[in-house]
Amino acid sequence: MPRLQKNDNFIDKTFTVLADIILKVLPTSKEEKQAFYYYRDGMSAQSEGEYAEALEYYYEALVLEEDPSDRSYILYNIGLIYASNGEHIKALEYYHQALELNSKLTQALNNIAVIYHYQGIKAAKQNKLKISKFMFDKAAVYWKQAIFLAPNNYIEAQNWLKTTNRINNIN
């Protein structure tokens with residue numbers, strides 16, 4: 001099951017060794033350990049741009065992983081892959097599933113906002129102003145949530161909210 005890392009560097013090797021040591025000493029079930037190995041291999045494949053392989057590992061990890069927080073990160077990473085491939089609807093589905101399990105996953109909130117913002121720009125370029133405004137308003141909702149949870153992050157989003165008069169009532 002362990003994935004051979006093509007671009008092994010010191011940090012990747014160190015992370016892998018430390019993670020393996022920690023897993024051996026932590027009182028976790030066999031399934032949880034296997035889920036982590038699949039997740040780790042998925043992250044490795046994803047970092048190398050091997051998205052199909054990464055998805056296979058993530059889906060295997062989802063079958064085994066029971067912890068809601070850990071599942072949220074797996075779902076989030078699946079969303080990242082779909083977003084990077086331009087499959088925004090699928091990405092949104094996985095980001096929302098991740099948020100159902102972990103409502104404080106600011107990265108997912110931010111990425112949802114980014115997709116809606118992109119759709120707003122796209123609609124504006126096509127002169128679909130009602131759709132554009134709707135998408136920008138949806139982006140604002142998610143960015144406000146992310147900023148509320150992580151006030152020092154997402155500075156560009158905060159600036160966009162200010163310049164478009166959408167900053168009111170961050171909560």
# chains A, B, ... in the order shown; residues from 1 in each chain; ligands from 1
call {"tool": "residues_around", "arguments": {"residues": "Leu99 of chain A", "least_positions_apart": "6", "cutoff": "9 Å", "atoms": "only C-alpha atoms", "output": "ChimeraX atom specification"}}
result
/A:72,76,105-106,108-109
call {"tool": "residues_around", "arguments": {"residues": "Leu55 of chain A", "least_positions_apart": "3", "cutoff": "7 Å", "atoms": "only C-alpha atoms", "output": "VMD selection string"}}
result
chain A and resid 42 51 to 52 58 to 59 78
call {"tool": "write_last_selection", "arguments": {"atoms": "C-alpha atoms", "output": "CSV table (one decimal), in the first residue's frame"}}
result
chain,number,residue,atom,x,y,z
A,42,GLY,CA,-3.1,10.8,-1.5
A,51,TYR,CA,-4.8,13.7,-9.3
A,52,ALA,CA,-6.5,10.5,-10.4
A,58,TYR,CA,-8.6,9.7,-0.7
A,59,TYR,CA,-11.7,7.6,-1.5
A,78,ILE,CA,-11.0,15.9,-2.8
call {"tool": "residues_around", "arguments": {"residues": "His88 of chain A", "least_positions_apart": "3", "cutoff": "10 Å", "atoms": "only C-alpha atoms", "output": "list in words"}}
result
Gly79, Leu80, Ile81, Tyr82, Ala83, Ser84, Asn85, Ala91, Leu92, Glu93, Tyr94, Ile112, Ile115, Tyr116, Tyr118 and Gln119 of chain A
call {"tool": "write_last_selection", "arguments": {"atoms": "N, CA and C atoms", "output": "PDB file, in the first residue's frame"}}
result
ATOM      1  N   GLY A  79     -12.118  18.068  -2.795  1.00  0.00           N
ATOM      2  CA  GLY A  79     -12.635  19.304  -3.376  1.00  0.00           C
ATOM      3  C   GLY A  79     -11.545  20.097  -4.077  1.00  0.00           C
ATOM      4  N   LEU A  80     -10.362  20.144  -3.476  1.00  0.00           N
ATOM      5  CA  LEU A  80      -9.238  20.850  -4.099  1.00  0.00           C
ATOM      6  C   LEU A  80      -8.912  20.288  -5.473  1.00  0.00           C
ATOM      7  N   ILE A  81      -8.917  18.977  -5.569  1.00  0.00           N
ATOM      8  CA  ILE A  81      -8.590  18.336  -6.844  1.00  0.00           C
ATOM      9  C   ILE A  81      -9.635  18.685  -7.896  1.00  0.00           C
ATOM     10  N   TYR A  82     -10.909  18.569  -7.524  1.00  0.00           N
ATOM     11  CA  TYR A  82     -11.951  18.901  -8.498  1.00  0.00           C
ATOM     12  C   TYR A  82     -11.889  20.368  -8.895  1.00  0.00           C
ATOM     13  N   ALA A  83     -11.615  21.253  -7.949  1.00  0.00           N
ATOM     14  CA  ALA A  83     -11.506  22.679  -8.266  1.00  0.00           C
ATOM     15  C   ALA A  83     -10.337  22.938  -9.211  1.00  0.00           C
ATOM     16  N   SER A  84      -9.214  22.289  -8.960  1.00  0.00           N
ATOM     17  CA  SER A  84      -8.043  22.513  -9.814  1.00  0.00           C
ATOM     18  C   SER A  84      -8.260  21.979 -11.223  1.00  0.00           C
ATOM     19  N   ASN A  85      -9.175  21.027 -11.362  1.00  0.00           N
ATOM     20  CA  ASN A  85      -9.519  20.495 -12.680  1.00  0.00           C
ATOM     21  C   ASN A  85     -10.679  21.253 -13.326  1.00  0.00           C
ATOM     22  N   ALA A  91     -16.442  20.282  -6.808  1.00  0.00           N
ATOM     23  CA  ALA A  91     -15.620  20.848  -5.735  1.00  0.00           C
ATOM     24  C   ALA A  91     -16.507  21.417  -4.642  1.00  0.00           C
ATOM     25  N   LEU A  92     -17.529  22.174  -5.037  1.00  0.00           N
ATOM     26  CA  LEU A  92     -18.445  22.752  -4.048  1.00  0.00           C
ATOM     27  C   LEU A  92     -19.121  21.669  -3.217  1.00  0.00           C
ATOM     28  N   GLU A  93     -19.511  20.584  -3.861  1.00  0.00           N
ATOM     29  CA  GLU A  93     -20.151  19.475  -3.140  1.00  0.00           C
ATOM     30  C   GLU A  93     -19.224  18.946  -2.047  1.00  0.00           C
ATOM     31  N   TYR A  94     -17.967  18.734  -2.375  1.00  0.00           N
ATOM     32  CA  TYR A  94     -17.029  18.184  -1.391  1.00  0.00           C
ATOM     33  C   TYR A  94     -16.674  19.211  -0.315  1.00  0.00           C
ATOM     34  N   ILE A 112     -14.860  28.001  -1.336  1.00  0.00           N
ATOM     35  CA  ILE A 112     -16.225  28.160  -1.837  1.00  0.00           C
ATOM     36  C   ILE A 112     -16.411  29.593  -2.320  1.00  0.00           C
ATOM     37  N   ILE A 115     -14.700  30.223  -5.650  1.00  0.00           N
ATOM     38  CA  ILE A 115     -15.463  29.683  -6.789  1.00  0.00           C
ATOM     39  C   ILE A 115     -16.624  30.607  -7.134  1.00  0.00           C
ATOM     40  N   TYR A 116     -17.376  31.054  -6.122  1.00  0.00           N
ATOM     41  CA  TYR A 116     -18.497  31.961  -6.391  1.00  0.00           C
ATOM     42  C   TYR A 116     -18.003  33.284  -6.976  1.00  0.00           C
ATOM     43  N   TYR A 118     -15.295  33.743  -8.763  1.00  0.00           N
ATOM     44  CA  TYR A 118     -14.914  33.441 -10.150  1.00  0.00           C
ATOM     45  C   TYR A 118     -16.152  33.391 -11.044  1.00  0.00           C
ATOM     46  N   GLN A 119     -17.208  32.737 -10.563  1.00  0.00           N
ATOM     47  CA  GLN A 119     -18.448  32.657 -11.338  1.00  0.00           C
ATOM     48  C   GLN A 119     -19.055  34.051 -11.530  1.00  0.00           C
TER      49      GLN A 119
END
call {"tool": "atom_distance", "arguments": {"atom1": "atom CA of Val141 of chain A", "atom2": "atom CA of Lys90 of chain A"}}
result
19.8 Å
call {"tool": "residues_around", "arguments": {"residues": "Lys104 of chain A", "least_positions_apart": "3", "cutoff": "12 Å", "atoms": "only C-alpha atoms", "output": "list in words"}}
result
Ser69, Ser72, Tyr73, Tyr95, His96, Ala98, Leu99, Glu100, Leu101, Gln107, Ala108, Leu109, Asn110, Tyr142, Gln145, Ala146, Ile147, Phe148, Leu149 and Ala150 of chain A
call {"tool": "atom_distance", "arguments": {"atom1": "atom CA of Met43 of chain A", "atom2": "atom CA of Glu31 of chain A"}}
result
18.2 Å
call {"tool": "closest_residue", "arguments": {"among": "A:Met135, A:Ser47, A:Trp143, A:Tyr154", "to": "Ile167 of chain A", "atoms": "only C-alpha atoms"}}
result
A:Trp143
call {"tool": "atom_distance", "arguments": {"atom1": "atom CA of Ala124 of chain A", "atom2": "atom CA of Gln158 of chain A"}}
result
20.8 Å
call {"tool": "select_by_dssp", "arguments": {"residues": "segment 35-155 of chain A", "states": "alpha helix (DSSP H)", "output": "number ranges by chain"}}
result
A: 35-47, 51-64, 68-84, 88-101, 106-125, 129-149, 155
